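Undergrad: Just so it is clear, I am handing over protein_16.csv, which has CSV, C-alpha atoms and all ligand atoms.
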chain,number,residue,atom,x,y,z
A,1,MET,CA,120.4,69.9,112.3
A,2,ARG,CA,124.1,69.2,112.1
A,3,GLY,CA,126.3,69.1,109.0
A,4,SER,CA,126.1,71.3,105.9
A,5,LEU,CA,123.2,71.5,103.5
A,6,LEU,CA,123.3,72.8,99.9
A,7,VAL,CA,120.2,74.2,98.3
A,8,ASP,CA,121.2,73.8,94.6
A,9,ASN,CA,119.9,74.4,91.1
A,10,ILE,CA,118.0,77.6,92.1
A,11,GLY,CA,116.6,79.2,88.9
A,12,GLU,CA,116.0,82.6,90.6
A,13,LEU,CA,117.4,83.5,94.0
A,14,VAL,CA,116.0,86.5,95.8
A,15,THR,CA,118.7,87.6,98.3
A,16,ASN,CA,117.5,91.2,99.2
A,17,ASP,CA,121.3,91.9,99.2
A,18,ILE,CA,121.2,95.5,98.2
A,19,GLY,CA,125.0,95.7,98.0
A,20,GLY,CA,125.0,93.3,95.1
A,21,GLU,CA,123.6,93.4,91.6
A,22,GLY,CA,120.1,92.3,90.5
A,23,GLY,CA,118.0,95.3,91.6
A,24,PRO,CA,116.5,95.8,95.0
A,25,LEU,CA,115.7,92.1,95.4
A,26,GLY,CA,119.3,91.3,94.8
A,27,ILE,CA,118.3,88.6,92.3
A,28,ARG,CA,120.8,85.9,91.2
A,29,ARG,CA,120.2,83.4,88.5
A,30,HIS,CA,121.4,79.7,88.5
A,31,ALA,CA,122.4,80.0,92.1
A,32,ALA,CA,123.0,77.9,95.2
A,33,VAL,CA,122.9,78.5,99.0
A,34,LEU,CA,125.0,76.7,101.5
A,35,VAL,CA,123.6,76.3,105.0
A,36,GLU,CA,125.7,75.5,108.1
A,37,ASP,CA,124.7,75.6,111.7
A,38,GLY,CA,121.3,77.2,110.9
A,39,GLN,CA,122.9,80.1,109.0
A,40,VAL,CA,123.7,81.0,105.4
A,41,ALA,CA,127.3,80.1,105.0
A,42,TRP,CA,127.7,80.9,101.3
A,43,VAL,CA,125.7,82.2,98.3
A,44,GLY,CA,126.9,82.1,94.7
A,45,PRO,CA,126.6,80.5,91.3
A,46,ALA,CA,125.5,76.9,91.3
A,47,ARG,CA,128.5,75.9,89.2
A,48,ASP,CA,130.8,77.1,92.0
A,49,ALA,CA,128.9,75.5,94.9
A,50,PRO,CA,131.0,73.9,97.6
A,51,ALA,CA,130.5,70.3,98.6
A,52,ALA,CA,128.0,69.6,101.4
A,53,ASP,CA,126.8,66.7,103.5
A,54,ARG,CA,123.3,66.9,102.1
A,55,ARG,CA,121.7,68.5,99.0
A,56,ILE,CA,118.2,69.8,98.1
A,57,ASP,CA,117.6,70.2,94.4
A,58,ALA,CA,115.4,73.2,93.8
A,59,GLU,CA,114.8,72.0,90.2
A,60,GLY,CA,115.2,75.4,88.7
A,61,ALA,CA,112.5,77.0,90.9
A,62,ALA,CA,112.6,80.4,92.7
A,63,VAL,CA,114.0,80.6,96.2
A,64,LEU,CA,113.2,83.5,98.5
A,65,PRO,CA,114.0,84.5,102.1
A,66,GLY,CA,111.2,83.4,104.5
A,67,PHE,CA,108.5,85.9,105.0
A,68,VAL,CA,108.7,88.2,108.0
A,69,ASP,CA,105.2,88.8,109.3
A,70,SER,CA,105.7,91.8,111.6
A,71,HIS,CA,102.1,92.2,112.8
A,72,ALA,CA,100.0,89.4,114.1
A,73,HIS,CA,97.5,88.8,117.0
A,74,LEU,CA,97.6,85.0,117.6
A,75,VAL,CA,96.8,84.7,121.3
A,76,PHE,CA,93.1,84.6,121.5
A,77,ALA,CA,90.1,82.3,121.8
A,78,GLY,CA,86.8,82.2,120.0
A,79,ASP,CA,85.8,83.0,116.4
A,80,ARG,CA,84.0,86.0,114.9
A,81,ALA,CA,82.8,84.4,111.6
A,82,ALA,CA,79.3,85.7,112.3
A,83,GLU,CA,80.6,89.2,112.7
A,84,PHE,CA,82.4,88.9,109.4
A,85,ALA,CA,79.3,87.7,107.6
A,86,ALA,CA,77.3,90.6,109.1
A,87,ARG,CA,79.9,93.0,107.9
A,88,MET,CA,79.8,91.6,104.4
A,89,ALA,CA,76.0,92.1,104.5
A,90,GLY,CA,76.6,95.8,105.2
A,91,GLU,CA,77.4,96.4,108.9
A,92,PRO,CA,80.3,98.8,109.3
A,93,TYR,CA,83.5,97.9,111.1
A,94,THR,CA,84.2,99.8,114.3
A,95,GLY,CA,86.7,97.8,116.2
A,96,GLY,CA,84.1,97.1,119.0
A,97,GLY,CA,84.2,93.4,118.4
A,98,ILE,CA,87.6,93.2,120.1
A,99,ARG,CA,85.7,93.0,123.4
A,100,THR,CA,84.0,89.8,122.2
A,101,THR,CA,87.4,88.1,121.8
A,102,VAL,CA,88.6,89.5,125.2
A,103,GLY,CA,85.7,87.7,126.9
A,104,ALA,CA,86.5,84.4,125.2
A,105,THR,CA,90.3,84.8,125.8
A,106,ARG,CA,89.9,85.4,129.5
A,107,ALA,CA,87.7,82.2,129.8
A,108,ALA,CA,90.2,80.0,127.9
A,109,SER,CA,92.8,77.8,129.5
A,110,ASP,CA,96.5,78.2,128.8
A,111,ASP,CA,96.5,75.0,126.8
A,112,GLU,CA,93.6,76.3,124.6
A,113,LEU,CA,95.5,79.5,123.9
A,114,ARG,CA,98.7,77.7,123.2
A,115,ALA,CA,97.0,75.3,120.8
A,116,THR,CA,95.6,78.2,118.8
A,117,VAL,CA,99.0,79.9,118.6
A,118,ARG,CA,100.6,76.6,117.5
A,119,ARG,CA,97.9,76.0,114.9
A,120,LEU,CA,98.3,79.5,113.4
A,121,ARG,CA,102.1,79.5,113.6
A,122,GLY,CA,102.1,76.2,111.7
A,123,GLU,CA,99.6,77.5,109.1
A,124,ALA,CA,101.9,80.6,108.6
A,125,MET,CA,105.0,78.5,108.3
A,126,ARG,CA,103.5,76.3,105.6
A,127,GLN,CA,102.9,79.5,103.7
A,128,GLY,CA,106.5,80.7,104.0
A,129,THR,CA,106.5,82.7,107.1
A,130,THR,CA,109.6,82.0,109.1
A,131,THR,CA,109.6,85.0,111.4
A,132,ILE,CA,106.4,86.3,113.1
A,133,GLU,CA,105.6,88.9,115.6
A,134,ILE,CA,102.9,88.0,118.1
A,135,LYS,CA,101.0,90.5,120.2
A,136,SER,CA,99.0,90.3,123.4
A,137,GLY,CA,95.9,92.5,123.7
A,138,TYR,CA,92.9,90.1,124.2
A,139,GLY,CA,93.5,89.6,128.0
A,140,LEU,CA,93.5,93.2,129.3
A,141,THR,CA,94.0,92.2,132.9
A,142,VAL,CA,97.4,92.0,134.5
A,143,ALA,CA,97.3,88.2,134.7
A,144,ASP,CA,95.8,87.7,131.2
A,145,GLU,CA,98.2,90.0,129.4
A,146,ALA,CA,101.2,88.4,131.2
A,147,ARG,CA,100.1,84.9,130.3
A,148,SER,CA,99.3,85.9,126.7
A,149,LEU,CA,102.9,87.1,126.3
A,150,ARG,CA,104.4,84.1,128.2
A,151,ILE,CA,102.6,81.8,125.7
A,152,ALA,CA,103.6,84.0,122.7
A,153,ALA,CA,107.2,83.9,123.8
A,154,GLU,CA,107.2,80.1,123.4
A,155,PHE,CA,106.8,80.7,119.7
A,156,THR,CA,108.7,83.9,118.8
A,157,GLU,CA,111.3,86.3,119.9
A,158,ASP,CA,109.2,89.2,118.7
A,159,THR,CA,106.5,89.5,121.4
A,160,THR,CA,104.6,92.7,121.8
A,161,PHE,CA,102.7,94.0,124.8
A,162,LEU,CA,99.4,95.4,123.6
A,163,GLY,CA,97.6,96.0,126.9
A,164,ALA,CA,96.3,99.2,125.2
A,165,HIS,CA,94.3,97.5,122.5
A,166,VAL,CA,90.9,98.7,123.7
A,167,VAL,CA,89.7,99.9,127.1
A,168,PRO,CA,88.0,96.9,128.6
A,169,ALA,CA,84.3,97.1,129.5
A,170,GLU,CA,84.9,97.2,133.2
A,171,TYR,CA,87.0,100.5,132.8
A,172,ALA,CA,84.7,102.0,130.1
A,173,ASP,CA,83.8,105.1,132.2
A,174,ARG,CA,87.3,105.6,133.7
A,175,PRO,CA,89.9,105.2,130.9
A,176,ASP,CA,92.5,107.2,132.9
A,177,ASP,CA,92.5,104.5,135.5
A,178,TYR,CA,93.0,101.8,132.9
A,179,VAL,CA,96.0,103.7,131.4
A,180,GLY,CA,97.4,104.0,134.9
A,181,MET,CA,97.1,100.2,135.3
A,182,VAL,CA,98.6,99.5,131.9
A,183,CYS,CA,101.7,101.7,132.8
A,184,GLY,CA,101.9,100.3,136.3
A,185,PRO,CA,101.3,96.7,137.3
A,186,MET,CA,100.3,95.4,133.8
A,187,LEU,CA,103.6,96.6,132.2
A,188,ALA,CA,105.6,95.2,135.1
A,189,ALA,CA,104.0,91.8,134.7
A,190,ALA,CA,104.2,91.8,130.9
A,191,ALA,CA,107.7,93.3,130.3
A,192,PRO,CA,109.7,90.2,131.1
A,193,TYR,CA,108.1,88.4,128.2
A,194,ALA,CA,107.9,91.3,125.7
A,195,ARG,CA,110.3,92.9,123.3
A,196,TRP,CA,107.9,95.6,122.1
A,197,ILE,CA,105.1,97.8,123.3
A,198,ASP,CA,102.2,98.8,121.1
A,199,VAL,CA,99.0,101.0,121.4
A,200,PHE,CA,95.9,101.1,119.3
A,201,CYS,CA,95.9,104.9,118.8
A,202,GLU,CA,92.5,105.5,117.2
A,203,ARG,CA,89.2,107.2,117.9
A,204,GLY,CA,87.3,104.7,120.1
A,205,ALA,CA,90.5,103.2,121.4
A,206,PHE,CA,93.3,105.4,122.9
A,207,ASP,CA,93.9,109.1,122.2
A,208,VAL,CA,97.3,110.5,121.5
A,209,ASP,CA,98.0,111.6,125.1
A,210,HIS,CA,97.2,108.2,126.5
A,211,ALA,CA,99.2,106.6,123.7
A,212,ARG,CA,102.3,108.8,124.3
A,213,ALA,CA,102.1,108.1,128.1
A,214,ILE,CA,101.9,104.3,127.6
A,215,LEU,CA,104.6,104.1,125.0
A,216,ALA,CA,106.9,106.3,127.1
A,217,CYS,CA,106.5,103.9,130.0
A,218,GLY,CA,107.4,101.0,127.8
A,219,GLN,CA,110.4,102.7,126.5
A,220,ALA,CA,111.5,103.5,130.0
A,221,VAL,CA,111.7,99.8,130.8
A,222,GLY,CA,113.6,99.0,127.5
A,223,LEU,CA,110.7,98.0,125.2
A,224,GLY,CA,110.8,99.0,121.5
A,225,VAL,CA,107.9,101.1,120.2
A,226,ARG,CA,105.4,100.3,117.5
A,227,LEU,CA,101.8,101.3,117.1
A,228,HIS,CA,98.5,100.9,115.4
A,229,ALA,CA,97.5,104.2,113.8
A,230,ASN,CA,95.5,105.9,111.1
A,231,GLN,CA,93.5,102.8,110.3
A,232,LEU,CA,89.9,104.0,110.6
A,233,GLY,CA,90.5,107.7,110.0
A,234,PRO,CA,93.1,110.4,110.0
A,235,GLY,CA,94.8,111.1,113.3
A,236,PRO,CA,98.0,112.0,115.2
A,237,GLY,CA,99.3,108.4,115.5
A,238,VAL,CA,101.8,108.5,112.7
A,239,GLN,CA,103.4,111.7,113.9
A,240,LEU,CA,103.6,110.3,117.4
A,241,GLY,CA,105.3,107.2,116.1
A,242,VAL,CA,107.9,109.2,114.2
A,243,GLU,CA,108.4,111.5,117.3
A,244,LEU,CA,109.1,108.5,119.5
A,245,GLY,CA,111.4,106.8,117.0
A,246,ALA,CA,109.0,103.8,116.6
A,247,ALA,CA,110.2,100.9,114.6
A,248,SER,CA,106.9,100.8,112.8
A,249,VAL,CA,103.6,102.5,112.5
A,250,ASP,CA,101.0,100.0,111.3
A,251,HIS,CA,97.9,100.4,109.1
A,252,CYS,CA,98.7,103.9,107.7
A,253,THR,CA,95.4,103.8,105.8
A,254,HIS,CA,94.4,107.5,106.2
A,255,LEU,CA,97.5,109.7,105.9
A,256,THR,CA,98.0,113.5,105.3
A,257,ASP,CA,100.9,114.8,103.3
A,258,ALA,CA,102.6,115.7,106.5
A,259,ASP,CA,102.2,112.1,107.7
A,260,VAL,CA,103.8,110.8,104.5
A,261,ASP,CA,106.6,113.3,104.8
A,262,ALA,CA,107.2,112.4,108.4
A,263,LEU,CA,107.6,108.7,107.6
A,264,ALA,CA,109.8,109.4,104.6
A,265,SER,CA,112.0,111.7,106.6
A,266,THR,CA,113.1,108.7,108.7
A,267,GLY,CA,114.8,107.2,105.7
A,268,THR,CA,114.5,104.6,103.0
A,269,THR,CA,115.8,101.2,104.1
A,270,TRP,CA,115.7,100.0,100.5
A,271,VAL,CA,118.3,102.5,99.5
A,272,SER,CA,120.3,103.0,102.7
A,273,GLY,CA,120.6,99.5,104.1
A,274,PHE,CA,119.2,98.4,107.4
A,275,GLU,CA,118.9,101.8,109.1
A,276,PRO,CA,116.6,102.2,112.0
A,277,THR,CA,113.8,103.9,110.2
A,278,THR,CA,110.1,104.2,111.2
A,279,VAL,CA,108.6,101.7,108.8
A,280,ALA,CA,105.0,102.1,107.4
A,281,THR,CA,103.6,98.6,107.8
A,282,LEU,CA,100.5,98.1,105.6
A,283,LEU,CA,98.0,95.4,106.4
A,284,PRO,CA,95.8,94.9,103.4
A,285,GLY,CA,94.1,91.8,104.9
A,286,ALA,CA,92.3,94.2,107.2
A,287,GLU,CA,91.0,96.4,104.4
A,288,PHE,CA,90.0,93.3,102.5
A,289,SER,CA,88.1,91.8,105.5
A,290,THR,CA,86.4,95.0,106.5
A,291,ARG,CA,85.7,96.1,102.9
A,292,SER,CA,87.5,99.3,103.4
A,293,PRO,CA,89.7,101.5,101.1
A,294,TYR,CA,93.3,100.3,100.9
A,295,PRO,CA,96.2,102.4,102.0
A,296,ASP,CA,98.0,104.3,99.3
A,297,ALA,CA,101.3,102.4,99.1
A,298,ARG,CA,102.4,104.1,95.9
A,299,ARG,CA,102.3,107.5,97.7
A,300,LEU,CA,104.5,106.2,100.5
A,301,LEU,CA,106.9,104.5,98.2
A,302,ASP,CA,107.2,107.4,95.9
A,303,ALA,CA,107.9,109.8,98.8
A,304,GLY,CA,110.7,107.5,100.0
A,305,ALA,CA,109.2,105.8,103.0
A,306,THR,CA,110.1,102.2,104.0
A,307,VAL,CA,107.1,100.0,103.5
A,308,ALA,CA,106.4,96.6,105.1
A,309,LEU,CA,103.5,94.2,104.5
A,310,ALA,CA,102.1,92.0,107.3
A,311,THR,CA,99.0,90.0,107.8
A,312,ASP,CA,97.4,91.5,111.0
A,313,CYS,CA,96.2,88.0,111.6
A,314,ASN,CA,93.4,88.3,114.2
A,315,PRO,CA,89.9,86.8,114.6
A,316,GLY,CA,88.0,90.0,113.9
A,317,SER,CA,89.3,92.2,111.1
A,318,SER,CA,91.8,90.0,109.2
A,319,TYR,CA,91.7,86.3,109.8
A,320,THR,CA,94.4,85.4,107.4
A,321,SER,CA,98.0,84.1,108.1
A,322,SER,CA,98.9,84.2,104.4
A,323,MET,CA,101.7,86.6,103.3
A,324,PRO,CA,101.3,85.5,99.7
A,325,PHE,CA,97.7,86.7,99.9
A,326,CYS,CA,98.9,90.1,101.2
A,327,ILE,CA,101.4,90.3,98.4
A,328,ALA,CA,98.7,89.6,95.8
A,329,LEU,CA,96.4,92.3,97.4
A,330,ALA,CA,99.3,94.8,97.5
A,331,VAL,CA,100.1,94.4,93.9
A,332,ARG,CA,96.5,94.2,92.6
A,333,GLU,CA,94.9,96.8,94.9
A,334,MET,CA,97.7,99.0,96.2
A,335,ARG,CA,99.8,99.4,93.0
A,336,MET,CA,102.9,98.0,94.5
A,337,THR,CA,105.2,96.2,91.9
A,338,PRO,CA,105.6,92.5,92.6
A,339,ALA,CA,109.3,93.3,93.6
A,340,GLU,CA,108.2,96.0,96.0
A,341,ALA,CA,105.6,93.7,97.6
A,342,VAL,CA,108.1,90.8,98.0
A,343,TRP,CA,110.7,93.1,99.5
A,344,ALA,CA,108.1,94.6,101.8
A,345,ALA,CA,107.0,91.1,103.0
A,346,THR,CA,110.6,90.0,103.7
A,347,ALA,CA,113.2,92.7,104.2
A,348,GLY,CA,110.5,95.3,105.0
A,349,GLY,CA,109.2,93.1,107.8
A,350,ALA,CA,112.7,92.6,109.1
A,351,ALA,CA,113.2,96.4,109.1
A,352,ALA,CA,109.9,96.8,111.0
A,353,LEU,CA,111.3,94.5,113.6
A,354,ARG,CA,114.7,96.1,113.5
A,355,ARG,CA,116.3,92.8,112.6
A,356,THR,CA,119.2,92.2,110.3
A,357,ASP,CA,119.4,88.4,110.7
A,358,VAL,CA,116.2,87.6,108.8
A,359,GLY,CA,114.5,88.9,105.6
A,360,ARG,CA,117.6,88.4,103.4
A,361,LEU,CA,119.8,85.6,102.2
A,362,ALA,CA,123.4,86.5,102.6
A,363,ARG,CA,126.4,85.0,104.5
A,364,GLY,CA,125.6,85.2,108.3
A,365,ALA,CA,121.8,85.5,107.9
A,366,ARG,CA,119.5,83.0,109.5
A,367,ALA,CA,118.9,80.1,107.0
A,368,ASP,CA,115.2,80.9,106.6
A,369,LEU,CA,114.1,80.4,103.1
A,370,MET,CA,111.3,79.0,100.9
A,371,ILE,CA,111.4,77.1,97.6
A,372,LEU,CA,108.5,78.0,95.4
A,373,ASP,CA,106.6,75.8,93.0
A,374,ALA,CA,107.2,78.5,90.4
A,375,PRO,CA,110.1,79.9,88.4
A,376,SER,CA,110.0,83.5,89.8
A,377,HIS,CA,108.8,85.7,92.7
A,378,LEU,CA,106.3,87.2,90.2
A,379,HIS,CA,104.1,84.1,90.6
A,380,LEU,CA,103.3,85.1,94.2
A,381,ALA,CA,101.1,87.9,92.8
A,382,TYR,CA,100.4,86.4,89.4
A,383,ARG,CA,98.8,83.2,90.9
A,384,PRO,CA,96.7,84.4,93.8
A,385,GLY,CA,95.2,81.8,96.2
A,386,VAL,CA,97.5,79.0,94.9
A,387,PRO,CA,99.7,77.1,97.4
A,388,LEU,CA,103.0,77.9,95.8
A,389,ILE,CA,105.3,77.2,98.7
A,390,ARG,CA,107.0,73.8,98.0
A,391,GLN,CA,109.4,73.7,100.9
A,392,VAL,CA,110.4,75.9,103.9
A,393,LEU,CA,113.7,75.9,105.8
A,394,HIS,CA,113.7,77.5,109.2
A,395,ASN,CA,117.1,77.9,111.0
A,396,GLY,CA,118.3,75.6,108.2
A,397,VAL,CA,115.9,72.8,109.0
A,398,PRO,CA,113.4,71.6,106.4
A,399,GLN,CA,109.8,72.2,107.8
A,400,CYS,CA,107.5,70.6,105.3
A,401,ARG,CA,107.5,68.7,102.1
A,402,PRO,CA,104.6,68.2,99.6
B,501,ZN,ZN,96.7,94.7,114.6
Have the structure of the file written as structure tokens, please.
TA:
Amino acid sequence: MRGSLLVDNIGELVTNDIGGEGGPLGIRRHAAVLVEDGQVAWVGPARDAPAADRRIDAEGAAVLPGFVDSHAHLVFAGDRAAEFAARMAGEPYTGGGIRTTVGATRAASDDELRATVRRLRGEAMRQGTTTIEIKSGYGLTVADEARSLRIAAEFTEDTTFLGAHVVPAEYADRPDDYVGMVCGPMLAAAAPYARWIDVFCERGAFDVDHARAILACGQAVGLGVRLHANQLGPGPGVQLGVELGAASVDHCTHLTDADVDALASTGTTWVSGFEPTTVATLLPGAEFSTRSPYPDARRLLDAGATVALATDCNPGSSYTSSMPFCIALAVREMRMTPAEAVWAATAGGAAALRRTDVGRLARGARADLMILDAPSHLHLAYRPGVPLIRQVLHNGVPQCRP
């Protein structure tokens, strides 16, 4: 949209500008934000706001950077509501249901997959998510992984090749052959559409040797590393992620002291600015939806690790696109403060994607922001389940109004 836009009369502005005052969230009171050419051009006191072509009156409400959801699986077909109901009736979660979605995804047309991504992307945007990572991982053939990423790339810059999600049924008795295919023709077909490579490093999925081999192949063709690890039990995934300089290790539900120390040793983005740390990305929607113990966020934060929150939106273990829901869970169930949770859902997600243009509101950042129907960020945890996002700007363009 051309011309300048002033978001004015902001009661509480969360900037995540750690160089300024106002604590880790960089909170400013009675503020305004000027947007030009899709970027933040100026942030300051409302009384000093420059003139602009158009104006949005925030009416004293809180304004935050758009959420950065750094972990989502949106390219799939089918529905696993019955599996969820069975789990709530007492069946354990093993990850085996992923193969159900693989069958449905392979059978779907490109347009059906695209429609699902569009629907979920819209759903997330209405809840304040302006940046979202999207993984493949339900195709598990060369052609189906490549088309999953091609479709994902229509919706986001942060696409992740997850050919190593599970070993598909046709390779069940020869996993080495599958890993060879992932590193060979599948990676070659996927890489043009991918920024990242990911592996589900877990018992029943890929062991640490397979994970290391696959991630190294991805690094060799220029993909950044992230991985799913330590979700269902303790394991070597976190250490592998730190060893490889991964941008993020996701889940981190079962950690040893050595795992926590390893993550903390990569640095604290909150304190140091946007350093390339290995972020611990916590996905409380998964624990909620599998009725599992939550990760110990307090232990990670107290040790000095950088923590992000993401939805893990997927049809099996966490079918939510709501970052406010994840914030509420993190505060209520994981003992994060509301400020820590909001930071983790914005700047933390940006750190997990190694991006400095999103997750904050400062001059030069992308003009991605949300206006709440609330006076402060505290309400995101204080009023769980309530649609508090009044308006979203993405690249400076208003996305929705009540
Ligand atoms: Zn996941």
Undergrad: 7 Å from ligand ZN 501 (chain B) is the threshold here; counting all atoms listed in the file, which polymer residues fall inside it? Answer as number ranges by chain.
TA: A: 71-73, 228, 312
Undergrad: Restrict the selected residues to C-alpha atoms and save them as a PDB file, in the coordinates of the input.
TA:
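The result, stored in result-v3.pdb:
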ATOM      1  CA  HIS A  71     102.100  92.200 112.800  1.00  0.00           C
ATOM      2  CA  ALA A  72     100.000  89.400 114.100  1.00  0.00           C
ATOM      3  CA  HIS A  73      97.500  88.800 117.000  1.00  0.00           C
ATOM      4  CA  HIS A 228      98.500 100.900 115.400  1.00  0.00           C
ATOM      5  CA  ASP A 312      97.400  91.500 111.000  1.00  0.00           C
TER       6      ASP A 312
END
Undergrad: What's the separation between atom CA of A:Ser136 and atom CA of A:Ala152, in Å to one decimal place?
TA: 7.8 Å
Undergrad: With only C-alpha atoms as the basis for distance, which of A:Gln127, A:Gln219, A:Ser109, A:Ser70 is at the shortest distance from A:Arg147?
TA: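 The answer is A:Ser109, which sits nearest to A:Arg147.
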Undergrad: Name the closest residue to A:Val179 among the candidates A:Leu140, A:Cys313, A:Ala352, A:Ala153; distances are taken between atoms, counting all atoms listed in the file.
TA: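 Using all atoms listed in the file, A:Val179 sits closest to A:Leu140.
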Undergrad: May I have the residues within 8 Å of stretch 390-401 of chain A as number ranges by chain, using all atoms listed in the file and disregarding those fewer than 2 positions away in the same chain?
TA: A: 1, 5, 35-39, 66, 125-126, 128, 130, 366-373, 388
Undergrad: Would you mind listing what lies within 7 Å of stretch 141-145 of chain A as a tab-separated table (two decimals) with C-alpha atoms, keeping the file's coordinate frame, with only C-alpha atoms counted and same-chain residues fewer than 2 positions away left out?
TA:
chain	number	residue	atom	x	y	z
A	106	ARG	CA	89.90	85.40	129.50
A	136	SER	CA	99.00	90.30	123.40
A	137	GLY	CA	95.90	92.50	123.70
A	139	GLY	CA	93.50	89.60	128.00
A	147	ARG	CA	100.10	84.90	130.30
A	148	SER	CA	99.30	85.90	126.70
A	149	LEU	CA	102.90	87.10	126.30
A	163	GLY	CA	97.60	96.00	126.90
A	185	PRO	CA	101.30	96.70	137.30
A	186	MET	CA	100.30	95.40	133.80
A	189	ALA	CA	104.00	91.80	134.70
A	190	ALA	CA	104.20	91.80	130.90
Undergrad: Which one of A:Leu353, A:Leu120, A:Ala297, A:Ile10 sits closest to A:Leu34 if you count all atoms listed in the file?
TA: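 So, comparing all the options, the nearest one is A:Ile10.
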Undergrad: Considering all atoms listed in the file, return as a VMD selection string whatever protein or nucleic-acid residues lie within 12 Å of A:Val342, sequence-local ones (same chain, fewer than 3 positions apart) excluded.
TA: chain A and resid 14 to 16 24 to 27 63 to 69 128 307 to 310 323 to 331 336 to 339 345 to 349 359 to 360 376 to 381
Undergrad: Which residue gives the smallest distance to A:Asn314 among A:Ala205, A:Leu283, A:Ala341, A:Val225, with all atoms listed in the file counted?
TA: A:Leu283
Undergrad: How far is it from atom CA of A:Arg203 to atom CA of A:Glu243, in Å with one decimal?
TA: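 Between atom CA of A:Arg203 and atom CA of A:Glu243 the gap works out to 19.7 Å.
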Undergrad: Just want the 7 Å neighbourhood of A:Arg28, counted on only C-alpha atoms, with same-chain residues fewer than 2 positions away dropped. Output as a VMD selection string.
TA: chain A and resid 12 to 14 22 26 30 to 31
Undergrad: What does the structure give for the distance between atom CA of A:Ser317 and atom CA of A:Arg80, in Å to one decimal?
TA: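 Between atom CA of A:Ser317 and atom CA of A:Arg80 the gap works out to 9.0 Å.
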Undergrad: Go through A:Pro276, A:Ala191, A:Val117, A:Arg99 one by one, measure the shortest atom-to-atom distance of each to A:Ala169 using all atoms listed in the file, and give the residue with the smallest value.
TA: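 Answer, going by the shortest atom-to-atom distance: A:Arg99.
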Undergrad: Quick one: everything within 7 Å of A:Asp250, counting all atoms listed in the file, minus sequence neighbours fewer than 6 positions away in the same chain. Send it as a list in words.
TA: Leu227, His228, Ala229, Ala280, Thr281 and Leu282 of chain A
Undergrad: How about saving the chosen residues, C-alpha atoms kept, as a PDB file, in the frame of the given file?
TA:
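Just written: part07.pdb:
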ATOM      1  CA  LEU A 227     101.800 101.300 117.100  1.00  0.00           C
ATOM      2  CA  HIS A 228      98.500 100.900 115.400  1.00  0.00           C
ATOM      3  CA  ALA A 229      97.500 104.200 113.800  1.00  0.00           C
ATOM      4  CA  ALA A 280     105.000 102.100 107.400  1.00  0.00           C
ATOM      5  CA  THR A 281     103.600  98.600 107.800  1.00  0.00           C
ATOM      6  CA  LEU A 282     100.500  98.100 105.600  1.00  0.00           C
TER       7      LEU A 282
END
Undergrad: Counting only C-alpha atoms, select every polymer residue within 8 Å of (110.7, 103.9, 106.4) as defined in the file's coordinates, and provide the selection as a CSV table (one decimal) with C-alpha atoms, in the frame of the given file.
TA:
chain,number,residue,atom,x,y,z
A,263,LEU,CA,107.6,108.7,107.6
A,264,ALA,CA,109.8,109.4,104.6
A,265,SER,CA,112.0,111.7,106.6
A,266,THR,CA,113.1,108.7,108.7
A,267,GLY,CA,114.8,107.2,105.7
A,268,THR,CA,114.5,104.6,103.0
A,269,THR,CA,115.8,101.2,104.1
A,277,THR,CA,113.8,103.9,110.2
A,278,THR,CA,110.1,104.2,111.2
A,279,VAL,CA,108.6,101.7,108.8
A,280,ALA,CA,105.0,102.1,107.4
A,304,GLY,CA,110.7,107.5,100.0
A,305,ALA,CA,109.2,105.8,103.0
A,306,THR,CA,110.1,102.2,104.0
A,307,VAL,CA,107.1,100.0,103.5
Undergrad: Smallest atom-to-atom distance to A:Ser321: which of A:Ile214, A:Pro284, A:Ser4, A:His251, using all atoms listed in the file?
TA: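 Residue with the minimum atom-to-atom distance to A:Ser321: A:Pro284.
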Undergrad: Counting all atoms listed in the file, find residues at most 7 Å from (125.3, 86.0, 102.8) (file frame) and give them as a VMD selection string.
TA: chain A and resid 40 to 43 361 to 365
